[in-house]
Number of protein chains: 2
Amino acid sequence: MIQITLPDNSVREFEEAVNGYDIARSISNQLAKAVLSISVNGEVWDLSRKIENDSSIKLHTWNDSEGQETFWHSSAHVLAEAIEFYYPGTKFGIGPTVDTGFYYDIDLPADKIISEKDLQKVEQKMLELARQKNEIIRSEISKADAIALFTEKNDELKQELISELEDGTITLYSQGNFTDLCRGPHLPNTSYIKAIKLTAIAGAYWRGDEKNKMLTRIYGVTFPKQKMLEEYLVMIEEAKKRDHRKIGKEMQLFGFSEAVGQGLPLWLPKGTQLRMQLEDFLKKVQKKYGYEQVMTPHIGDVKLYKTSGHYEKYGKDSFQPITTPSEGEEYLLKPMNCPHHCEIYKMWPRSYKDLPVRMAEFGTVYRYEQSGELHGLTRVRSFTQDDAHIFCRPDQLKEEFIKVIDIIFIIFKALSFENYTAQISLRDPNKPEKYIGSVENWDKAEQAIIEACKEKGLNTVTELGEAAFYGPKLDFMIKDAIGRSWQLGTIQVDYNLPERFELEYIGADDNRHRPVMIHRAPFGSMERFVAVLIEHTAGKFPLWLTPEQAVILPISEKYNDYAKKVSDFLNICDIRTVVDNRNEKIGRKIRDNELKRIPYLLIVGEKEAETESVSVRRQGEGDKGTMTNSEFVDFITKEVRDQLSGLYN
Amino acid sequence: MIQITLPDNSVREFEEAVNGYDIARSISNQLAKAVLSISVNGEVWDLSRKIENDSSIKLHTWNDSEGQETFWHSSAHVLAEAIEFYYPGTKFGIGPTVDTGFYYDIDLPADKIISEKDLQKVEQKMLELARQKNEIIRSEISKADAIALFTEKNDELKQELISELEDGTITLYSQGNFTDLCRGPHLPNTSYIKAIKLTAIAGAYWRGDEKNKMLTRIYGVTFPKQKMLEEYLVMIEEAKKRDHRKIGKEMQLFGFSEAVGQGLPLWLPKGTQLRMQLEDFLKKVQKKYGYEQVMTPHIGDVKLYKTSGHYEKYGKDSFQPITTPSEGEEYLLKPMNCPHHCEIYKMWPRSYKDLPVRMAEFGTVYRYEQSGELHGLTRVRSFTQDDAHIFCRPDQLKEEFIKVIDIIFIIFKALSFENYTAQISLRDPNKPEKYIGSVENWDKAEQAIIEACKEKGLNTVTELGEAAFYGPKLDFMIKDAIGRSWQLGTIQVDYNLPERFELEYIGADDNRHRPVMIHRAPFGSMERFVAVLIEHTAGKFPLWLTPEQAVILPISEKYNDYAKKVSDFLNICDIRTVVDNRNEKIGRKIRDNELKRIPYLLIVGEKEAETESVSVRRQGEGDKGTMTNSEFVDFITKEVRDQLSGLYN
C-alpha cells in the first residue's frame, strides 16, 4: 500500500507503485489531460516514472512554471531531433528552458550553415515529429556507457558534459530516433506540443566562455494550443511597440552614452521631471507614514562592507576597490545603502520610545553587470533605490510590515496597477547552512510576514528556499497591460545586519536590546520602475505624473505671443506646459503632438486670444470644447486631484 | 625726473629716485602713517626701497591684503627674534603669513622644549622688541655668502632653502639682533606692531613631508592697534560658538562615521530636511529662469575625463580608477558634472533656436583631499554641487551671465546675506601657456563678464592670473554676521569643453557652430553652503528654511493627545512641527526648546485644548499671545510668504 499526500494534505492510497499520470486520472479525466509533470517530495519527475514509496506530490500543468518548463524542455529535444534530421553530424551542447520557451546550442558540421530562412522547415519537421506521438523514454546509464555512446556519435560537447557528472546519476531520454543526455523531467510523449515557433538564431560561446568555440543558438517557443501561440505572437508584437528603450528615446526620457559608460543611464530633462514627480509623490506618502529622509555618500570604506558581509559575498564580482593616492585607504562604490543607514542609527543612543526609526533615501547604488547582461533601464550598473530601513522593536515588526504593504497599495493605486500578487520567500528548511542568523529569529520573522499578508488579505504564493541569505522577504509581482509579469517592490526582514553592526536600543527595562531591521523599496529602483511603467502605459503616463501635461498649439504664428502668455500662466499654476510654435499647419501640429503622448492639446487662435481661453483636446479622445484659461486650470487640477485623491494629504 | 603713475592713472613727478614712503607723504601725512608696503609694476616692495625708474605703483595699507601680509611677515621675524633670545641655537624653517596672521616653523635645541605656557613670555619679548622701533633692513647677498652665514649659525634648514635658490636673487632682512633669509617685503621698522597674540603651538613636518623631522610651529597674529586685537579675540570666541561642526552635532544636522570614511558627510534627517528645502527653493527659482533638471551617474569612463582634460590635470591626485572584474574597463568617481552634461547635450542635434540649453543637476562629486586637510563640511571628499551648465550662442553670453547674477541675488536676499562683493578672475596676460583656448575666445569671455557686472552695478575687484585654466570666472564673496569673508557661488565661462567634446549647433546660416558653456553654482556646494549658513546664523535659520518650525509643549502629560492633534494639523498644513511630550516641567521644556533654535514654541494646556488654540512664543522674543490653530497657521504661513515674497512664483 502506497500513501500519496496531495498539496491540500489529503491522502490517497494505491495498491502498488503508481505514476503521476495514474494519480491525475484517479482525480479527474480533465486533470489527466492537463497534467505535464509531477513534484515528488519536492523534486520534479516525469509523469510516467513510478513512485515506489509513500510521498508528498504536486501535479503540474501549463498553469505553473514547473509544467511549462517540462513542456519546453521536451520541445528542445524535438528541436534537436529535427536538426539532426536535416543536419546529420551536428553536435549538441545544452538545451535549457528560458523565461518563455527554450534554446539549443548546436555545433553544425563544418560544411553546413543554418540561417533565419531555414527555421521554417525545421519548425515543420518539429510539428511532424510532435504529431508522431513519440513516447519520451527515460533510462539510467553508467558513465562509461554514456561516454561510449557519445564517442560513437562523435559528440565531444556531450562527452565533456558527461565527464563532469558522477557515475550512478546519469540519465538519457529518447524519443523517435533521437537520444539525449538529460536530467529530465519530460512530457510522456511529443503529441502534447501543438504549436511551434522558432523565434531567433544567434551565436553563443560554448559554456558562455569567449575562449571556447562559437556555437549556433536557436531560440524557440511552443504551446499546447495553436491559439496560445497566436496570442503570444500578438503580445510580442505589442511588447516591441512598448519597448521602454524605444519609447524612452522617442520621448527623450533617458539615454546612454558610450563615453560615460555602459549601463550608466543619463536621465534627460523629461525623464528627470518624471522621476522627480515619482520621488516627490513617494516622499509625501512616506512623510505621512513617519519616514525621515537622509542622504549618504556613494562610496564607503571597504571595512564597512566587511562588517556588513557584503564584501565577502559580492566583493570579487563587483566594481573593484577605489584606492587613494596616499594613506592606503580603500573604498567601494556602495552596492547597498543599508550599511550607511546603520551608521546613522548608531550616531546617538536610541530608546525604545524612539522606535520605529524609519530612514529613507533615494540612494544610488552601483553593481557590476557583464556588458552582455545589460538591458535598457531594467538591467543597469547604476540605479537609484527608493530605499528605506525601518529599525523597530521585535513587537513592532508585524505592524510595520502592514504599514509598508499599505504604502505599496497606495503606489499601485496611483499608477493603476490593478493586477498584482505577492510572493513570500522563506528559507529552505533543509539547508540551514545557506542562511545567516538564528533559527529562532528566522521563525519570528517568517511568522510576522505570513500574518501581515493574511491581515491585509493579500493574494500570496509561498516559496521555500527563495529567501535572501540574511532574511525572509515579500516580493510584489504586477501584471502589466499586456499580461506580462514584473517583479517590483520588496519588503525584507533582517535580523542579521543589526547583529553585525551591533545596533542597540535601551528598553523599558533599562537594558540593551537589538532592534529588527526591515529593508523595503516599493518601486524597487527608479530605473526599473520607470521601465515597467513605460511598457505598462506605452508611455501614456497618468496625468499627475507625465512630464508634459499640456501643449499649446497656436493656429498660426500670429498667435505665438498669446500661446506664450497662456503657457506662462499655466506653468505658474503648476501645470507643466509647453508651446509648439513651429511654422506648421494646425492639423500637422495636432498629429505630431498626439504622437508625443501629451495628454492635453490646447489650440489657440483669434477667438481664444480675444476671450482669454483655449480650445481643449484630450489625447485619444478628441474635442472637449472651449474653456477660459482659469476654467482649464480648474478642470485639469481637478483631474490630477481625483487621480491622487485620498492617497496622501 | 621720475614719473610715478598712481592707480587712478594720475601721474606724479619726482626729481630723483623716490621710495614708497616719500610718495605717500607727498599725498598726505595721514596716508604716510597708514602705508605699509607698495606695489611697483605689480611687485610688492618695501616702503623704503628706492624706485629708480618711471613706474606704476599702488600703496598698501592695513585695508588691503598686501598690506596685512607685509605686516604679518615682519611680525614673524619679530617672533623669530624673540625665540632666538630665549632659545639660542634654534634653527629656523619657514615663517609665512596665513589667512589671519602668520606662523614660524622652528627646530629647538635638543635640550629645550616650548609649550603653551611659554607663549606669554615670548609675546612680551616680541612687544618689547617691537617698541624698540628697530629698522628692518634689506640687503642683497651672494649665494656663497648666504650659505656661509647660515653654516656659521649651524642652521641646516636655511642652508637647504638657500641651496635651492638662484645666485643673484638672494636677499636678507635684519632687525635688531636678528637676520633672516627672506624675499620680503617688510615694514620700515618694528614699531608698527602694537598688539600681539601667539595663538597656538603645534607640530609640523619640515616642508610638510612626513619623512622629514618634526618641527615646532608657532602661530600668531598681530595688529596695528590694541583695540583691533581685542575685537579679533571676541570674534574668534564668537566663531567658536558658531562652529558649524559643533552646531551641526547639537542640532543633529550632519555627522561623520569612521566606518563609512573620512570626509564623507552623512546628512541626518534634520540636515536632509534643511538641504531639501534649499534644493527645492533653488529648483523653483531655476525653473522660472528656464533651467531643466537632469540626473547623471557618479562615475564615468576614464576616457571621458581624458576627453575633458580632467584626467591629465587631476588623475594622479584623485581617487584612483575603479576597474571591473572582467572586460578591462576603468571608471573614475566623477570630480565634476560637466562631462556628463556635455554628453547629454550631444544626445540629439541642437538648433540655434533651441539655445540656450540650461541643464541643472544637484550632482554629488568626489575629490580626494588628504585627511589632514578635511574640516567639517567646508573641506570634504564628497560634496553636492548645485551645478548647472548653460550652453548658449556667443551672442547670448552676456545676457545669460546677467541672469545667473540675478539668481545669485535672489539667493542672497532669501538668506539675508546683505554684505557681498564679487571677484572677476581674469587670465595672467604674461603667462599664456597656463591657459587652454584661443586668445580671441578669452578676450570675448572676459569682456562679457566685465560688462555683465557693470550692468548689474556689482561691487567687484578684478584679479589678473586668478582665472581657472579653462576660462575666466566671477566669484561671489559674502561677509557673515561676525565679519568673516566666505567665497560662495562661482560663474565661469568656458570655451574649452565645447571644443574638447566637439559640441555643435546648427546656426540660422545652416552651418555648424560651437556653443559657449557657462558653469555656475550659486551655493557652490550644499555642504559648504550649509556650513556657512550655520556659522552666519548660529543655527537660527530663516523660518522658511529651518528644519523644525514649531514645537508643541503640553503643560502636562494630560495634554499630550491634544498636542498630537495640533501637530498633525500643522504638519498637514505644511508647517514642520514636533511635540515635546517629555514628562518635564513647562519651564524646563521652554528652556530646552529655546536652545534647540526652534522658532515657535506653542504651549498647550486646558484652556488651549478647550478653544482649539495654542499659546505662542517666538524664540528669543517671548510671548505672542494665544491664537486659534487656524490663526496660527495663517500667521506663520504669512511670515514664510513674506520672507520669500517676490523671489519666485
# chains A, B, ... in the order shown; residues from 1 in each chain; ligands from 1
>>> residues_around(residues="Phe391 (chain B)", least_positions_apart="3", cutoff="12 Å", atoms="only C-alpha atoms", output="PyMOL selection string")
chain B and resi 291+338+341-342+344-346+350-352+354-360+388+394-397+400-401+493-495+497-498+503-505+513-520
>>> write_last_selection(atoms="N, CA, C and O atoms", output="compact mmCIF listing (two decimals), in the first residue's frame")
# COMPACT_ATOMS: atom_id res chain seq x y z
N TYR B 291 15.62 76.68 -16.51
CA TYR B 291 16.54 75.54 -16.35
C TYR B 291 15.77 74.23 -16.41
O TYR B 291 14.61 74.17 -16.02
N CYS B 338 30.37 68.34 -15.46
CA CYS B 338 30.31 68.91 -16.81
C CYS B 338 30.46 67.87 -17.93
O CYS B 338 29.71 67.95 -18.92
N HIS B 341 27.20 66.31 -18.62
CA HIS B 341 26.23 67.22 -19.24
C HIS B 341 26.56 67.46 -20.71
O HIS B 341 25.65 67.61 -21.54
N CYS B 342 27.84 67.49 -21.03
CA CYS B 342 28.21 67.62 -22.45
C CYS B 342 27.68 66.42 -23.23
O CYS B 342 27.20 66.57 -24.36
N ILE B 344 25.03 64.71 -22.56
CA ILE B 344 23.58 64.89 -22.74
C ILE B 344 23.31 65.90 -23.86
O ILE B 344 22.43 65.69 -24.70
N TYR B 345 24.10 66.97 -23.88
CA TYR B 345 23.93 67.96 -24.95
C TYR B 345 24.02 67.29 -26.32
O TYR B 345 23.29 67.63 -27.26
N LYS B 346 24.92 66.31 -26.40
CA LYS B 346 25.18 65.65 -27.69
C LYS B 346 24.15 64.58 -28.07
O LYS B 346 24.26 63.97 -29.14
N ARG B 350 21.18 70.02 -32.08
CA ARG B 350 20.63 71.24 -31.49
C ARG B 350 20.62 72.34 -32.56
O ARG B 350 21.57 72.45 -33.34
N SER B 351 19.57 73.14 -32.52
CA SER B 351 19.47 74.26 -33.45
C SER B 351 19.70 75.55 -32.68
O SER B 351 19.54 75.60 -31.46
N TYR B 352 20.05 76.59 -33.39
CA TYR B 352 20.25 77.90 -32.74
C TYR B 352 19.01 78.35 -32.00
O TYR B 352 19.08 79.11 -31.04
N ASP B 354 17.09 76.41 -30.28
CA ASP B 354 16.97 75.67 -29.02
C ASP B 354 17.82 76.27 -27.91
O ASP B 354 17.66 75.92 -26.74
N LEU B 355 18.78 77.12 -28.27
CA LEU B 355 19.69 77.66 -27.26
C LEU B 355 19.09 78.92 -26.63
O LEU B 355 18.32 79.61 -27.28
N PRO B 356 19.43 79.26 -25.37
CA PRO B 356 20.31 78.48 -24.50
C PRO B 356 19.64 77.20 -23.96
O PRO B 356 18.44 77.20 -23.70
N VAL B 357 20.44 76.16 -23.81
CA VAL B 357 20.05 74.97 -23.06
C VAL B 357 20.64 75.13 -21.67
O VAL B 357 21.85 75.33 -21.53
N ARG B 358 19.77 75.12 -20.66
CA ARG B 358 20.24 75.33 -19.28
C ARG B 358 20.00 74.05 -18.50
O ARG B 358 18.87 73.73 -18.16
N MET B 359 21.08 73.31 -18.24
CA MET B 359 20.99 71.96 -17.70
C MET B 359 21.48 71.96 -16.25
O MET B 359 22.63 72.29 -15.99
N ALA B 360 20.58 71.64 -15.32
CA ALA B 360 20.92 71.74 -13.90
C ALA B 360 20.93 70.36 -13.25
O ALA B 360 20.17 69.48 -13.63
N ALA B 388 25.00 73.79 -12.69
CA ALA B 388 24.27 73.88 -13.96
C ALA B 388 25.23 74.30 -15.03
O ALA B 388 26.26 74.96 -14.76
N PRO B 394 27.34 82.51 -28.75
CA PRO B 394 28.22 83.59 -28.27
C PRO B 394 27.46 84.89 -28.04
O PRO B 394 27.73 85.59 -27.06
N ASP B 395 26.46 85.17 -28.87
CA ASP B 395 25.73 86.44 -28.69
C ASP B 395 24.81 86.43 -27.48
O ASP B 395 24.27 87.46 -27.12
N GLN B 396 24.62 85.25 -26.88
CA GLN B 396 23.74 85.18 -25.70
C GLN B 396 24.52 85.23 -24.39
O GLN B 396 23.94 85.25 -23.31
N LEU B 397 25.85 85.22 -24.50
CA LEU B 397 26.69 85.03 -23.31
C LEU B 397 26.43 86.08 -22.23
O LEU B 397 26.19 85.75 -21.07
N GLU B 400 22.97 85.74 -20.56
CA GLU B 400 22.92 84.59 -19.66
C GLU B 400 23.68 84.87 -18.37
O GLU B 400 23.26 84.48 -17.28
N PHE B 401 24.80 85.54 -18.49
CA PHE B 401 25.59 85.90 -17.34
C PHE B 401 24.79 86.78 -16.37
O PHE B 401 24.79 86.58 -15.17
N VAL B 493 32.95 81.10 -17.42
CA VAL B 493 32.80 80.95 -18.87
C VAL B 493 33.78 79.89 -19.34
O VAL B 493 34.88 79.79 -18.81
N ASP B 494 33.38 79.10 -20.31
CA ASP B 494 34.23 78.02 -20.79
C ASP B 494 34.08 77.83 -22.30
O ASP B 494 33.03 77.40 -22.77
N TYR B 495 35.14 78.15 -23.01
CA TYR B 495 35.16 77.89 -24.45
C TYR B 495 35.88 76.57 -24.75
O TYR B 495 35.97 76.16 -25.90
N LEU B 497 35.66 73.19 -23.03
CA LEU B 497 34.96 71.91 -23.09
C LEU B 497 34.14 71.74 -24.38
O LEU B 497 34.13 70.66 -24.95
N PRO B 498 33.45 72.80 -24.84
CA PRO B 498 32.73 72.64 -26.12
C PRO B 498 33.66 72.20 -27.25
O PRO B 498 33.26 71.42 -28.11
N LEU B 503 31.07 70.00 -29.30
CA LEU B 503 29.65 70.36 -29.22
C LEU B 503 29.31 71.29 -30.37
O LEU B 503 30.14 72.11 -30.78
N GLU B 504 28.08 71.15 -30.86
CA GLU B 504 27.69 71.94 -32.04
C GLU B 504 26.24 72.36 -31.96
O GLU B 504 25.43 71.76 -31.25
N TYR B 505 25.93 73.40 -32.73
CA TYR B 505 24.53 73.68 -33.04
C TYR B 505 24.47 74.16 -34.48
O TYR B 505 25.47 74.63 -35.03
N HIS B 513 28.06 75.44 -35.68
CA HIS B 513 28.78 76.38 -34.81
C HIS B 513 29.03 75.73 -33.47
O HIS B 513 28.40 74.76 -33.11
N ARG B 514 29.98 76.33 -32.75
CA ARG B 514 30.31 75.82 -31.43
C ARG B 514 29.60 76.67 -30.39
O ARG B 514 29.70 77.90 -30.42
N PRO B 515 28.85 76.03 -29.45
CA PRO B 515 28.24 76.84 -28.38
C PRO B 515 29.28 77.25 -27.33
O PRO B 515 30.37 76.68 -27.28
N VAL B 516 28.95 78.22 -26.52
CA VAL B 516 29.75 78.60 -25.35
C VAL B 516 29.12 77.93 -24.15
O VAL B 516 27.91 77.72 -24.11
N MET B 517 29.93 77.61 -23.16
CA MET B 517 29.41 76.98 -21.94
C MET B 517 29.61 77.94 -20.78
O MET B 517 30.63 78.61 -20.70
N ILE B 518 28.62 77.98 -19.89
CA ILE B 518 28.81 78.66 -18.60
C ILE B 518 28.62 77.61 -17.51
O ILE B 518 27.61 76.92 -17.49
N HIS B 519 29.60 77.47 -16.64
CA HIS B 519 29.45 76.66 -15.43
C HIS B 519 28.99 77.61 -14.33
O HIS B 519 29.54 78.72 -14.23
N ARG B 520 28.05 77.18 -13.53
CA ARG B 520 27.67 78.06 -12.42
C ARG B 520 27.10 77.25 -11.27
O ARG B 520 26.42 76.24 -11.47
>>> interface_residues(of="chain A", to="chain B", cutoff="7 Å", atoms="only C-alpha atoms", output="PyMOL selection string")
chain A and resi 257+259-261+264-269+272+292-297+300-301+303-304+316-325+340+343+382+572+649
>>> write_last_selection(atoms="C-alpha atoms", output="compact mmCIF listing (two decimals), in the first residue's frame")
# COMPACT_ATOMS: atom_id res chain seq x y z
CA SER A 257 26.48 57.40 -23.74
CA ALA A 259 31.73 57.84 -23.38
CA VAL A 260 30.16 57.82 -19.90
CA GLY A 261 29.94 54.03 -19.80
CA LEU A 264 25.00 54.02 -16.66
CA PRO A 265 21.74 55.82 -17.50
CA LEU A 266 21.61 59.55 -18.12
CA TRP A 267 18.25 60.97 -17.07
CA LEU A 268 17.30 63.58 -19.67
CA PRO A 269 15.19 66.62 -18.69
CA THR A 272 14.16 63.65 -14.69
CA GLU A 292 12.63 60.68 7.63
CA GLN A 293 14.83 61.30 4.59
CA VAL A 294 18.62 61.04 4.83
CA MET A 295 21.42 61.40 2.28
CA THR A 296 24.63 59.38 2.31
CA PRO A 297 27.72 59.19 0.07
CA GLY A 300 32.14 53.54 1.78
CA ASP A 301 35.30 52.17 3.30
CA LYS A 303 35.85 47.77 6.11
CA LEU A 304 32.21 48.88 6.23
CA LYS A 316 35.14 39.75 -6.25
CA ASP A 317 32.29 40.19 -8.72
CA SER A 318 31.78 43.92 -8.02
CA PHE A 319 33.36 47.10 -9.23
CA GLN A 320 36.83 46.85 -7.68
CA PRO A 321 38.00 48.99 -4.74
CA ILE A 322 39.00 52.63 -5.14
CA THR A 323 42.36 53.44 -3.63
CA THR A 324 43.64 56.85 -2.55
CA PRO A 325 46.86 58.46 -3.84
CA HIS A 340 25.34 53.71 5.76
CA GLU A 343 25.92 54.01 10.85
CA SER A 382 23.87 52.22 -11.51
CA ILE A 572 2.68 79.40 -12.68
CA ASN A 649 -2.70 64.62 2.34
>>> residues_around(residues="Trp45 (chain B)", least_positions_apart="4", cutoff="9 Å", atoms="only C-alpha atoms", output="ChimeraX atom specification")
/B:20,37-40,49,184-186
>>> atom_distance(atom1="CA of Ala239 (chain A)", atom2="CA of Ile218 (chain A)")
21.0 Å
>>> select_by_dssp(residues="region 182-253 of chain A", states="strand (DSSP E or B)", output="number ranges by chain")
A: 189, 195-205, 214-223
>>> write_last_selection(atoms="C-alpha atoms", output="compact mmCIF listing (two decimals), in the first residue's frame")
# COMPACT_ATOMS: atom_id res chain seq x y z
CA ASN A 189 5.18 11.88 -25.46
CA ALA A 195 2.15 24.88 -31.81
CA ILE A 196 5.78 25.75 -32.53
CA LYS A 197 7.66 28.94 -33.32
CA LEU A 198 11.41 29.21 -33.69
CA THR A 199 11.99 32.82 -32.72
CA ALA A 200 15.66 33.63 -33.23
CA ILE A 201 19.07 32.39 -34.20
CA ALA A 202 22.28 33.74 -32.65
CA GLY A 203 25.89 32.96 -31.82
CA ALA A 204 26.90 31.79 -28.35
CA TYR A 205 30.23 30.65 -26.93
CA MET A 214 31.26 29.85 -31.08
CA LEU A 215 28.15 27.66 -31.40
CA THR A 216 24.79 28.40 -33.03
CA ARG A 217 21.92 29.08 -30.61
CA ILE A 218 18.36 28.53 -31.83
CA TYR A 219 15.55 30.00 -29.71
CA GLY A 220 12.01 28.68 -29.79
CA VAL A 221 8.70 28.65 -28.02
CA THR A 222 5.93 26.05 -28.10
CA PHE A 223 2.38 25.80 -26.82
>>> atom_distance(atom1="CA of Leu274 (chain A)", atom2="CA of Phe632 (chain A)")
22.3 Å
>>> residues_around(residues="region 107-114 of chain A", least_positions_apart="6", cutoff="6 Å", atoms="only C-alpha atoms", output="MDAnalysis selection string")
chainID A and resid 89:91 215
>>> atom_distance(atom1="CA of Thr97 (chain A)", atom2="CA of Cys182 (chain A)")
12.7 Å
